[in-house]
file start-v3.txt (compact mmCIF, C-alpha atoms)
# COMPACT_ATOMS: atom_id res chain seq x y z
CA MET G 1 0.00 0.00 0.00
CA ASN G 2 1.04 3.64 -0.31
CA THR G 3 3.13 4.96 2.55
CA THR G 4 0.55 7.57 3.58
CA GLY G 5 -2.26 5.05 3.92
CA THR G 6 -4.53 7.51 2.12
CA GLY G 7 -7.22 5.86 0.03
CA LEU G 8 -10.38 3.79 0.12
CA TYR G 9 -11.29 1.60 3.09
CA ILE G 10 -14.34 -0.38 4.09
CA GLY G 11 -15.56 -0.27 7.68
CA LEU G 12 -17.87 -2.94 9.10
CA MET G 13 -19.64 -2.60 12.44
CA SER G 14 -22.15 -4.89 14.13
CA GLY G 15 -22.88 -3.58 17.60
CA THR G 16 -24.30 -4.84 20.87
CA SER G 17 -27.84 -4.31 19.59
CA MET G 18 -27.19 -7.30 17.31
CA ASP G 19 -29.62 -6.02 14.69
CA GLY G 20 -27.40 -5.99 11.62
CA VAL G 21 -24.25 -4.80 9.87
CA ASP G 22 -23.32 -1.19 9.11
CA ALA G 23 -20.98 -0.99 6.13
CA VAL G 24 -19.23 2.08 4.75
CA LEU G 25 -16.84 2.81 1.91
CA VAL G 26 -14.80 5.81 2.92
CA ASP G 27 -11.90 7.76 1.51
CA VAL G 28 -9.61 8.11 4.54
CA GLY G 29 -6.80 10.61 4.82
CA PRO G 30 -4.76 11.82 7.79
CA SER G 31 -7.54 14.19 8.92
CA ALA G 32 -10.26 13.95 6.26
CA PHE G 33 -13.05 11.40 5.87
CA LYS G 34 -15.26 11.30 2.78
CA LEU G 35 -18.13 8.81 2.73
CA ILE G 36 -18.43 7.25 -0.70
CA ALA G 37 -21.22 4.73 -0.02
CA THR G 38 -23.13 3.18 2.88
CA HIS G 39 -25.18 0.05 3.37
CA TYR G 40 -27.13 -1.51 6.22
CA LEU G 41 -27.75 -5.26 6.19
CA PRO G 42 -30.23 -6.45 8.84
CA TYR G 43 -29.56 -9.75 10.57
CA PRO G 44 -31.93 -12.57 9.61
CA GLN G 45 -34.63 -13.46 12.09
CA GLY G 46 -33.40 -15.55 14.98
CA LEU G 47 -29.69 -14.77 14.62
CA ALA G 48 -29.63 -12.28 17.49
CA GLU G 49 -31.17 -14.84 19.83
CA ARG G 50 -28.52 -17.43 18.91
CA LEU G 51 -25.77 -14.89 19.42
CA LEU G 52 -27.21 -13.83 22.77
CA ALA G 53 -27.25 -17.44 23.90
CA LEU G 54 -23.44 -17.39 23.73
CA GLN G 55 -23.32 -14.83 26.52
CA THR G 56 -23.75 -17.67 28.99
CA PRO G 57 -22.13 -21.14 29.03
CA GLY G 58 -23.99 -23.73 27.00
CA GLU G 59 -23.75 -27.13 25.40
CA ASN G 60 -21.08 -27.45 22.69
CA GLU G 61 -20.57 -23.68 22.78
CA LEU G 62 -17.14 -23.68 21.09
CA HIS G 63 -18.58 -25.36 17.99
CA VAL G 64 -21.66 -23.13 18.07
CA ALA G 65 -19.48 -20.01 18.35
CA ALA G 66 -17.29 -21.09 15.44
CA GLN G 67 -20.30 -21.81 13.23
CA LEU G 68 -21.96 -18.52 14.14
CA GLY G 69 -18.69 -16.74 13.38
CA ILE G 70 -18.78 -18.21 9.88
CA GLU G 71 -22.46 -17.27 9.46
CA VAL G 72 -21.83 -13.69 10.56
CA THR G 73 -18.80 -13.47 8.26
CA ARG G 74 -20.88 -14.48 5.25
CA LEU G 75 -23.23 -11.63 6.16
CA TYR G 76 -20.23 -9.29 6.33
CA ASP G 77 -19.22 -10.40 2.84
CA GLN G 78 -22.78 -9.86 1.61
CA ALA G 79 -22.74 -6.35 3.09
CA VAL G 80 -19.42 -5.65 1.34
CA LYS G 81 -20.78 -6.80 -2.02
CA CYS G 82 -23.92 -4.63 -1.63
CA LEU G 83 -21.74 -1.68 -0.63
CA LEU G 84 -19.47 -2.08 -3.64
CA GLU G 85 -22.49 -2.38 -5.92
CA LYS G 86 -23.81 0.94 -4.58
CA ALA G 87 -20.40 2.49 -5.21
CA GLY G 88 -20.26 1.13 -8.76
CA ILE G 89 -17.27 -1.10 -8.04
CA SER G 90 -17.37 -4.67 -9.32
CA ALA G 91 -16.06 -7.54 -7.23
CA GLU G 92 -14.16 -8.69 -10.31
CA SER G 93 -12.14 -5.48 -10.39
CA ILE G 94 -11.18 -5.97 -6.74
CA HIS G 95 -9.97 -9.50 -7.44
CA SER G 96 -8.07 -8.20 -10.47
CA GLU G 97 -6.31 -5.64 -8.29
CA ARG G 98 -5.36 -8.35 -5.81
CA ALA G 99 -3.88 -10.51 -8.56
CA LEU G 100 -1.95 -7.55 -9.97
CA ALA G 101 -0.60 -6.76 -6.52
CA ARG G 102 0.82 -10.28 -6.27
CA GLU G 103 2.45 -9.99 -9.68
CA GLN G 104 3.68 -6.38 -9.24
CA PRO G 105 4.21 -5.64 -5.56
CA SER G 106 4.88 -1.90 -5.98
CA PRO G 107 2.25 0.15 -4.13
CA PRO G 108 -0.77 1.64 -5.91
CA SER G 109 -1.49 5.36 -5.80
CA PRO G 110 -4.05 6.53 -3.22
CA GLY G 111 -7.50 5.18 -4.00
CA ARG G 112 -6.53 3.91 -7.42
CA GLY G 113 -4.90 0.72 -8.56
CA ARG G 114 -2.79 0.13 -11.66
CA GLY G 115 -4.51 1.10 -14.84
CA GLY G 116 -6.68 3.63 -12.97
CA ARG G 117 -8.93 1.02 -11.40
CA LEU G 118 -10.26 1.64 -7.91
CA SER G 119 -8.28 -0.09 -5.17
CA ILE G 120 -9.58 -0.74 -1.66
CA LEU G 121 -6.73 -0.85 0.82
CA ALA G 122 -8.45 -2.82 3.59
CA ILE G 123 -11.63 -3.81 5.38
CA GLY G 124 -11.73 -2.84 9.04
CA CYS G 125 -14.05 -5.38 10.69
CA HIS G 126 -15.02 -5.04 14.34
CA GLY G 127 -16.76 -8.43 14.63
CA GLN G 128 -19.81 -9.28 16.72
CA THR G 129 -19.20 -8.98 20.45
CA VAL G 130 -20.70 -11.82 22.46
CA ARG G 131 -18.62 -11.49 25.63
CA HIS G 132 -16.56 -8.63 27.01
CA ASN G 133 -14.67 -9.41 30.20
CA PRO G 134 -11.48 -7.34 30.36
CA LYS G 135 -11.10 -7.98 34.09
CA ALA G 136 -10.61 -11.65 33.20
CA GLY G 137 -8.26 -10.66 30.38
CA TYR G 138 -10.38 -11.27 27.30
CA THR G 139 -12.99 -9.96 24.93
CA LEU G 140 -14.72 -12.05 22.26
CA GLN G 141 -15.90 -10.72 18.91
CA LEU G 142 -17.24 -13.39 16.58
CA GLY G 143 -16.14 -13.44 12.98
CA ASN G 144 -13.74 -15.25 10.69
CA PRO G 145 -11.48 -12.60 9.15
CA ALA G 146 -9.51 -15.16 7.14
CA LEU G 147 -12.75 -16.27 5.49
CA LEU G 148 -13.80 -12.64 4.88
CA ALA G 149 -10.45 -11.94 3.16
CA GLU G 150 -10.93 -15.06 1.04
CA LEU G 151 -14.52 -14.27 0.07
CA SER G 152 -14.03 -10.56 -0.60
CA GLY G 153 -10.55 -10.61 -2.11
CA ILE G 154 -9.69 -7.62 0.09
CA ARG G 155 -7.17 -7.38 2.94
CA VAL G 156 -8.95 -7.54 6.33
CA VAL G 157 -7.95 -5.98 9.64
CA ALA G 158 -9.78 -7.42 12.66
CA ASP G 159 -9.48 -8.22 16.38
CA PHE G 160 -8.88 -4.62 17.38
CA ARG G 161 -9.61 -4.94 21.11
CA SER G 162 -7.34 -7.78 22.22
CA ARG G 163 -4.02 -5.92 22.11
CA ASP G 164 -5.31 -3.14 24.35
CA ILE G 165 -6.55 -5.72 26.88
CA ALA G 166 -3.19 -7.49 26.70
CA ALA G 167 -1.63 -4.15 27.68
CA GLY G 168 -3.84 -3.93 30.76
CA GLY G 169 -6.64 -1.89 29.19
CA GLU G 170 -10.40 -2.32 28.95
CA GLY G 171 -10.26 -2.88 25.19
CA ALA G 172 -13.02 -0.27 24.95
CA PRO G 173 -14.12 2.21 23.99
CA LEU G 174 -11.92 2.46 20.89
CA VAL G 175 -13.96 5.00 18.93
CA PRO G 176 -12.72 8.02 20.98
CA ALA G 177 -9.43 8.01 19.05
CA PHE G 178 -11.45 8.47 15.87
CA HIS G 179 -13.69 11.09 17.48
CA ASP G 180 -10.52 13.04 18.23
CA ALA G 181 -9.45 12.88 14.58
CA ALA G 182 -12.89 13.71 13.17
CA PHE G 183 -14.68 16.04 15.60
CA ARG G 184 -12.15 18.02 17.64
CA SER G 185 -12.49 21.82 17.51
CA PRO G 186 -9.64 24.25 18.29
CA THR G 187 -12.00 26.53 20.22
CA ALA G 188 -15.21 24.75 21.32
CA HIS G 189 -15.34 22.20 24.13
CA ARG G 190 -17.09 19.26 22.51
CA VAL G 191 -18.14 15.91 23.90
CA ALA G 192 -18.84 13.19 21.34
CA LEU G 193 -21.56 10.83 22.54
CA ASN G 194 -22.13 7.50 20.84
CA ILE G 195 -25.45 5.91 21.84
CA GLY G 196 -25.55 2.34 20.61
CA GLY G 197 -26.52 -0.56 22.82
CA PHE G 198 -24.27 1.12 25.37
CA ALA G 199 -23.26 4.77 25.54
CA ASN G 200 -19.73 6.13 25.46
CA VAL G 201 -18.40 9.66 25.62
CA THR G 202 -15.26 11.29 24.27
CA ASP G 203 -14.06 14.54 25.84
CA LEU G 204 -12.70 16.88 23.16
CA ASN G 205 -11.67 19.81 25.32
CA PRO G 206 -9.36 22.19 23.39
CA HIS G 207 -7.38 22.76 26.60
CA SER G 208 -6.68 19.12 27.50
CA ALA G 209 -5.91 15.69 26.08
CA THR G 210 -8.71 13.48 24.79
CA THR G 211 -10.35 11.15 27.30
CA GLY G 212 -13.44 8.98 27.23
CA PHE G 213 -15.30 6.02 28.70
CA ASP G 214 -18.55 4.04 28.65
CA THR G 215 -21.27 5.76 30.69
CA GLY G 216 -23.63 2.76 30.91
CA PRO G 217 -26.76 1.65 29.04
CA GLY G 218 -27.65 3.37 25.81
CA ASN G 219 -30.40 1.64 23.85
CA ILE G 220 -29.87 -1.86 25.22
CA LEU G 221 -32.62 -1.85 27.87
CA LEU G 222 -34.93 0.46 25.92
CA ASP G 223 -34.88 -1.87 22.91
CA ALA G 224 -35.26 -5.02 25.00
CA TRP G 225 -38.25 -3.65 26.90
CA VAL G 226 -40.13 -2.40 23.84
CA ARG G 227 -39.40 -5.69 22.05
CA ARG G 228 -40.89 -7.65 24.93
CA HIS G 229 -44.10 -5.62 25.05
CA SER G 230 -44.75 -4.84 21.38
CA GLY G 231 -42.46 -7.01 19.26
CA ARG G 232 -40.98 -3.86 17.71
CA ALA G 233 -37.20 -3.64 17.43
CA PHE G 234 -37.03 -0.19 19.04
CA ASP G 235 -39.13 2.71 20.33
CA GLU G 236 -39.16 4.96 17.28
CA GLY G 237 -38.35 8.53 18.23
CA GLY G 238 -38.88 7.64 21.90
CA ALA G 239 -42.64 7.99 21.33
CA TRP G 240 -43.65 5.22 23.75
CA ALA G 241 -41.32 6.52 26.46
CA ALA G 242 -42.84 9.98 26.01
CA GLN G 243 -46.27 8.52 26.88
CA GLY G 244 -45.06 7.21 30.24
CA ARG G 245 -43.98 8.84 33.48
CA VAL G 246 -40.65 8.32 35.20
CA HIS G 247 -40.98 6.03 38.22
CA GLN G 248 -38.55 7.67 40.62
CA PRO G 249 -38.05 4.76 43.06
CA LEU G 250 -37.22 2.45 40.14
CA LEU G 251 -34.86 5.04 38.64
CA ASP G 252 -33.09 5.49 41.96
CA ALA G 253 -32.68 1.73 42.34
CA LEU G 254 -31.22 1.38 38.83
CA LEU G 255 -28.85 4.29 39.34
CA GLY G 256 -27.58 2.53 42.44
CA HIS G 257 -25.54 0.16 40.26
CA PRO G 258 -21.89 0.61 41.32
CA TYR G 259 -20.79 1.08 37.71
CA PHE G 260 -22.25 4.58 37.64
CA SER G 261 -20.13 5.80 40.54
CA SER G 262 -16.89 4.08 39.48
CA ALA G 263 -14.16 6.27 38.04
CA PRO G 264 -12.91 6.07 34.44
CA PRO G 265 -11.30 4.41 32.59
CA LYS G 266 -14.12 1.91 32.39
CA SER G 267 -16.23 -0.07 29.93
CA CYS G 268 -19.40 -2.10 30.29
CA GLY G 269 -21.60 -4.59 28.46
CA ARG G 270 -24.50 -6.97 28.76
CA GLU G 271 -22.66 -8.63 31.61
CA GLN G 272 -23.70 -5.71 33.84
CA PHE G 273 -26.86 -4.34 32.23
CA ASN G 274 -29.51 -6.73 30.92
CA LEU G 275 -33.19 -7.61 31.32
CA ASP G 276 -32.52 -9.92 34.26
CA TRP G 277 -30.86 -7.02 36.08
CA LEU G 278 -33.80 -4.75 35.27
CA GLU G 279 -36.34 -7.31 36.43
CA SER G 280 -34.54 -7.74 39.75
CA HIS G 281 -35.46 -4.11 40.50
CA LEU G 282 -38.99 -3.97 39.08
CA LEU G 283 -41.82 -3.28 41.49
CA ALA G 284 -45.32 -4.65 41.06
CA GLY G 285 -47.84 -2.42 39.39
CA ILE G 286 -45.52 -0.23 37.27
CA ALA G 287 -47.09 0.33 33.84
CA PRO G 288 -44.90 -0.83 30.95
CA ALA G 289 -44.86 2.67 29.42
CA ASP G 290 -43.66 4.07 32.75
CA VAL G 291 -40.83 1.52 32.78
CA GLN G 292 -39.87 2.66 29.29
CA ALA G 293 -39.91 6.30 30.39
CA THR G 294 -37.75 5.37 33.37
CA LEU G 295 -35.25 3.50 31.20
CA LEU G 296 -34.95 6.49 28.89
CA GLU G 297 -34.32 8.70 31.91
CA LEU G 298 -31.72 6.19 33.14
CA THR G 299 -29.83 6.56 29.86
CA ALA G 300 -30.12 10.35 29.77
CA SER G 301 -29.36 11.00 33.44
CA SER G 302 -26.44 8.54 33.63
CA ILE G 303 -24.86 10.14 30.55
CA ALA G 304 -25.40 13.68 31.81
CA SER G 305 -24.19 12.87 35.32
CA ALA G 306 -21.02 11.23 33.99
CA ILE G 307 -20.27 14.19 31.74
CA ARG G 308 -20.78 16.73 34.51
CA ARG G 309 -18.74 14.74 37.02
CA TRP G 310 -15.78 13.70 34.92
CA LEU G 311 -15.65 16.07 31.94
CA GLY G 312 -17.39 19.31 32.86
CA VAL G 313 -20.33 20.80 30.99
CA PRO G 314 -19.33 21.15 27.31
CA ASP G 315 -20.26 23.75 24.73
CA GLU G 316 -21.53 21.09 22.32
CA LEU G 317 -22.68 17.50 22.61
CA ILE G 318 -22.18 15.65 19.32
CA VAL G 319 -24.49 12.62 19.27
CA CYS G 320 -24.08 9.61 16.99
CA GLY G 321 -25.32 6.02 16.90
CA GLY G 322 -28.89 4.77 16.85
CA GLY G 323 -29.82 6.89 19.85
CA ALA G 324 -29.36 10.02 17.73
CA HIS G 325 -32.76 9.22 16.18
CA ASN G 326 -34.54 9.18 19.57
CA GLN G 327 -35.87 12.72 19.75
CA THR G 328 -37.25 12.25 23.26
CA LEU G 329 -33.80 11.15 24.46
CA LEU G 330 -32.09 14.10 22.76
CA GLU G 331 -34.53 16.49 24.44
CA ARG G 332 -33.82 14.95 27.84
CA LEU G 333 -30.07 15.21 27.28
CA GLY G 334 -30.45 18.90 26.48
CA ALA G 335 -32.58 19.42 29.59
CA CYS G 336 -30.02 17.59 31.77
CA LEU G 337 -27.01 19.53 30.42
CA PRO G 338 -27.88 23.20 30.06
CA PRO G 339 -26.59 25.27 28.32
CA THR G 340 -24.94 22.61 26.13
CA ARG G 341 -25.95 22.65 22.47
CA VAL G 342 -27.04 19.14 21.43
CA LEU G 343 -26.22 18.23 17.80
CA THR G 344 -25.96 15.04 15.81
CA SER G 345 -22.76 14.15 13.97
CA ASP G 346 -24.58 14.87 10.68
CA ALA G 347 -23.87 18.55 11.41
CA LEU G 348 -20.13 17.75 11.24
CA GLY G 349 -20.35 15.80 8.00
CA ILE G 350 -20.66 12.15 9.09
CA GLY G 351 -24.13 10.62 9.41
CA ALA G 352 -24.99 9.48 12.93
CA ASP G 353 -25.64 5.92 11.76
CA TRP G 354 -22.20 5.50 10.21
CA VAL G 355 -19.68 6.98 12.66
CA GLU G 356 -18.66 3.66 14.26
CA ALA G 357 -18.23 1.93 10.90
CA VAL G 358 -16.12 4.85 9.64
CA ALA G 359 -14.09 4.60 12.86
CA PHE G 360 -13.13 1.00 12.11
CA ALA G 361 -12.16 1.94 8.56
CA TRP G 362 -9.88 4.57 10.14
CA LEU G 363 -8.56 2.06 12.68
CA ALA G 364 -7.68 -0.29 9.80
CA ARG G 365 -5.59 2.51 8.29
CA GLN G 366 -3.86 3.05 11.64
CA THR G 367 -2.98 -0.64 11.76
CA LEU G 368 -1.59 -0.76 8.23
CA LEU G 369 0.58 2.28 8.95
CA GLY G 370 1.81 0.82 12.24
CA LEU G 371 0.20 3.67 14.21
CA PRO G 372 -1.58 3.37 17.59
CA GLY G 373 -5.34 2.99 17.57
CA ASN G 374 -6.05 3.23 21.29
CA LEU G 375 -5.92 6.09 23.76
CA PRO G 376 -4.43 4.91 27.08
CA ALA G 377 -6.28 7.66 28.97
CA VAL G 378 -9.52 6.15 27.65
CA THR G 379 -8.91 2.41 27.94
CA GLY G 380 -6.48 2.35 30.85
CA SER G 381 -3.81 0.44 28.95
CA ARG G 382 -0.13 0.76 29.81
CA GLY G 383 0.51 2.74 26.65
CA ALA G 384 -0.40 3.39 23.04
CA ARG G 385 -0.58 0.21 20.96
CA VAL G 386 -1.00 -0.74 17.32
CA LEU G 387 -4.28 -2.64 17.27
CA GLY G 388 -5.63 -5.42 15.11
CA ALA G 389 -4.48 -8.42 13.15
CA ILE G 390 -3.99 -8.28 9.36
CA TYR G 391 -5.31 -10.98 7.03
CA PRO G 392 -3.78 -10.26 3.60

call {"tool": "encode", "arguments": {"input": "start-v3.txt", "output": "structure tokens"}}
result
Amino acid sequence: MNTTGTGLYIGLMSGTSMDGVDAVLVDVGPSAFKLIATHYLPYPQGLAERLLALQTPGENELHVAAQLGIEVTRLYDQAVKCLLEKAGISAESIHSERALAREQPSPPSPGRGRGGRLSILAIGCHGQTVRHNPKAGYTLQLGNPALLAELSGIRVVADFRSRDIAAGGEGAPLVPAFHDAAFRSPTAHRVALNIGGFANVTDLNPHSATTGFDTGPGNILLDAWVRRHSGRAFDEGGAWAAQGRVHQPLLDALLGHPYFSSAPPKSCGREQFNLDWLESHLLAGIAPADVQATLLELTASSIASAIRRWLGVPDELIVCGGGAHNQTLLERLGACLPPTRVLTSDALGIGADWVEAVAFAWLARQTLLGLPGNLPAVTGSRGARVLGAIYP
């Protein structure tokens, strides 16, 4: 590849919501990110349930995990093919570039292969997290990057979290390093807030180094509760939550989880926050809509409290992830953090749905260039590390 690493990358992200694959084709430079094409591929019915079953020990789980990793990888490859089709790039031209690279190992120019054909430098693939236990020294993202490289004909960079954990870190969140590259302002104090299944913040204070951490639940409990009571995948716009009333005793009990008072660096997952945990605090007689309203307030208040306590009230809150579409949640965040201006990342040029996928395209570039992808102040690792494993 070219020595600057500038060119086209694919980023693949399947998050803790386990609803599908976000795929982006992005032109990545040292400090510029241009989205060329995007694609969302929903998971087939029943896959999320089989993936969730791997969160606890089960019969023949090693075989089941390996088979699910292959199944998820074939979906990744399908997402890549759909993405390339949207971008007007044929799979055959990618394979041709790979063959030419073997025959003529000199590097292509940025974004273009020999003969002017488009060249994709790498796929950055996060994988599907099924367990995250950094205190025990491991994190597990399902996927088969060797198979993805074989199917796509494109170099794959994967397994981004393990090296940070090996260096004593949490392995998460990793996206703050990208937030720093994409969203930092020389004058405004910004906090980037990603609300996926879980929420994480990145402090982009012009007067200090970048820090960040997971604040706690994002959409994970909201989605699970609405799915149980309506069969819908999520509460669109927060409309159902807006119909309920916050149940203060329940909210107080949920906010009593020790995670919320622990100091950064820290990360969390389904191991801490899940429906079983919620049900252990439910009181008889609470209307389902009131539970939903309380869960939305849990997300908003835990985020706002963490920002005030550890980062200070920012000038701007830049929201990305699925939660950016929950208007009720955005309104509560604004009410909890006056006078902060609440924006979505669309205002800064990257659609809220695609920030994490773009981040893993950027992380793939960091890996290929031998540059660090983690921030020790965020993950708690012993130092900056080059992340990921390369499957040529």

call {"tool": "residues_near_point", "arguments": {"input": "start-v3.txt", "point": "(-22.1, 12.3, 20.5)", "cutoff": "6 Å", "atoms": "all atoms listed in the file", "output": "PDB file with C-alpha atoms, in the frame of the given file"}}
result
ATOM      1  CA  ALA G 192     -18.840  13.190  21.340  1.00  0.00           C
ATOM      2  CA  LEU G 193     -21.560  10.830  22.540  1.00  0.00           C
ATOM      3  CA  ASN G 194     -22.130   7.500  20.840  1.00  0.00           C
ATOM      4  CA  LEU G 317     -22.680  17.500  22.610  1.00  0.00           C
ATOM      5  CA  ILE G 318     -22.180  15.650  19.320  1.00  0.00           C
ATOM      6  CA  VAL G 319     -24.490  12.620  19.270  1.00  0.00           C
ATOM      7  CA  CYS G 320     -24.080   9.610  16.990  1.00  0.00           C
TER       8      CYS G 320
END

call {"tool": "atom_distance", "arguments": {"input": "start-v3.txt", "atom1": "CA of Glu170 (chain G)", "atom2": "CA of Gly58 (chain G)"}}
result
25.4 Å

call {"tool": "residues_around", "arguments": {"input": "start-v3.txt", "residues": "Gly269 (chain G)", "least_positions_apart": "3", "cutoff": "12 Å", "atoms": "only C-alpha atoms", "output": "ChimeraX atom specification"}}
result
/G:15-17,55,129-134,139-140,170-173,196-200,214-221,259,266,272-274

call {"tool": "closest_residue", "arguments": {"input": "start-v3.txt", "among": "G:Ala122, G:Leu387, G:Cys82, G:Ala289", "to": "Trp240 (chain G)", "atoms": "all atoms listed in the file"}}
result
G:Ala289

call {"tool": "residues_around", "arguments": {"input": "start-v3.txt", "residues": "region 326-340 of chain G", "least_positions_apart": "3", "cutoff": "12 Å", "atoms": "only C-alpha atoms", "output": "JSON, numbers by chain"}}
result
{"G": [188, 189, 190, 191, 193, 195, 196, 218, 219, 222, 223, 234, 235, 236, 237, 238, 239, 240, 241, 242, 243, 244, 292, 293, 294, 295, 296, 297, 298, 299, 300, 301, 302, 303, 304, 305, 306, 307, 308, 309, 311, 312, 313, 314, 315, 316, 317, 318, 319, 320, 321, 322, 323, 343, 344, 352]}

call {"tool": "write_last_selection", "arguments": {"input": "start-v3.txt", "atoms": "C-alpha atoms", "output": "mmCIF file, in the coordinates of the input"}}
result
data_model
loop_
_atom_site.group_PDB
_atom_site.id
_atom_site.type_symbol
_atom_site.label_atom_id
_atom_site.label_comp_id
_atom_site.auth_asym_id
_atom_site.auth_seq_id
_atom_site.Cartn_x
_atom_site.Cartn_y
_atom_site.Cartn_z
ATOM 1 C CA ALA G 188 -15.210 24.750 21.320
ATOM 2 C CA HIS G 189 -15.340 22.200 24.130
ATOM 3 C CA ARG G 190 -17.090 19.260 22.510
ATOM 4 C CA VAL G 191 -18.140 15.910 23.900
ATOM 5 C CA LEU G 193 -21.560 10.830 22.540
ATOM 6 C CA ILE G 195 -25.450 5.910 21.840
ATOM 7 C CA GLY G 196 -25.550 2.340 20.610
ATOM 8 C CA GLY G 218 -27.650 3.370 25.810
ATOM 9 C CA ASN G 219 -30.400 1.640 23.850
ATOM 10 C CA LEU G 222 -34.930 0.460 25.920
ATOM 11 C CA ASP G 223 -34.880 -1.870 22.910
ATOM 12 C CA PHE G 234 -37.030 -0.190 19.040
ATOM 13 C CA ASP G 235 -39.130 2.710 20.330
ATOM 14 C CA GLU G 236 -39.160 4.960 17.280
ATOM 15 C CA GLY G 237 -38.350 8.530 18.230
ATOM 16 C CA GLY G 238 -38.880 7.640 21.900
ATOM 17 C CA ALA G 239 -42.640 7.990 21.330
ATOM 18 C CA TRP G 240 -43.650 5.220 23.750
ATOM 19 C CA ALA G 241 -41.320 6.520 26.460
ATOM 20 C CA ALA G 242 -42.840 9.980 26.010
ATOM 21 C CA GLN G 243 -46.270 8.520 26.880
ATOM 22 C CA GLY G 244 -45.060 7.210 30.240
ATOM 23 C CA GLN G 292 -39.870 2.660 29.290
ATOM 24 C CA ALA G 293 -39.910 6.300 30.390
ATOM 25 C CA THR G 294 -37.750 5.370 33.370
ATOM 26 C CA LEU G 295 -35.250 3.500 31.200
ATOM 27 C CA LEU G 296 -34.950 6.490 28.890
ATOM 28 C CA GLU G 297 -34.320 8.700 31.910
ATOM 29 C CA LEU G 298 -31.720 6.190 33.140
ATOM 30 C CA THR G 299 -29.830 6.560 29.860
ATOM 31 C CA ALA G 300 -30.120 10.350 29.770
ATOM 32 C CA SER G 301 -29.360 11.000 33.440
ATOM 33 C CA SER G 302 -26.440 8.540 33.630
ATOM 34 C CA ILE G 303 -24.860 10.140 30.550
ATOM 35 C CA ALA G 304 -25.400 13.680 31.810
ATOM 36 C CA SER G 305 -24.190 12.870 35.320
ATOM 37 C CA ALA G 306 -21.020 11.230 33.990
ATOM 38 C CA ILE G 307 -20.270 14.190 31.740
ATOM 39 C CA ARG G 308 -20.780 16.730 34.510
ATOM 40 C CA ARG G 309 -18.740 14.740 37.020
ATOM 41 C CA LEU G 311 -15.650 16.070 31.940
ATOM 42 C CA GLY G 312 -17.390 19.310 32.860
ATOM 43 C CA VAL G 313 -20.330 20.800 30.990
ATOM 44 C CA PRO G 314 -19.330 21.150 27.310
ATOM 45 C CA ASP G 315 -20.260 23.750 24.730
ATOM 46 C CA GLU G 316 -21.530 21.090 22.320
ATOM 47 C CA LEU G 317 -22.680 17.500 22.610
ATOM 48 C CA ILE G 318 -22.180 15.650 19.320
ATOM 49 C CA VAL G 319 -24.490 12.620 19.270
ATOM 50 C CA CYS G 320 -24.080 9.610 16.990
ATOM 51 C CA GLY G 321 -25.320 6.020 16.900
ATOM 52 C CA GLY G 322 -28.890 4.770 16.850
ATOM 53 C CA GLY G 323 -29.820 6.890 19.850
ATOM 54 C CA LEU G 343 -26.220 18.230 17.800
ATOM 55 C CA THR G 344 -25.960 15.040 15.810
ATOM 56 C CA ALA G 352 -24.990 9.480 12.930
#

call {"tool": "atom_distance", "arguments": {"input": "start-v3.txt", "atom1": "CA of Tyr9 (chain G)", "atom2": "CA of Phe360 (chain G)"}}
result
9.2 Å

call {"tool": "atom_distance", "arguments": {"input": "start-v3.txt", "atom1": "CA of Ser267 (chain G)", "atom2": "CA of Leu174 (chain G)"}}
result
10.3 Å
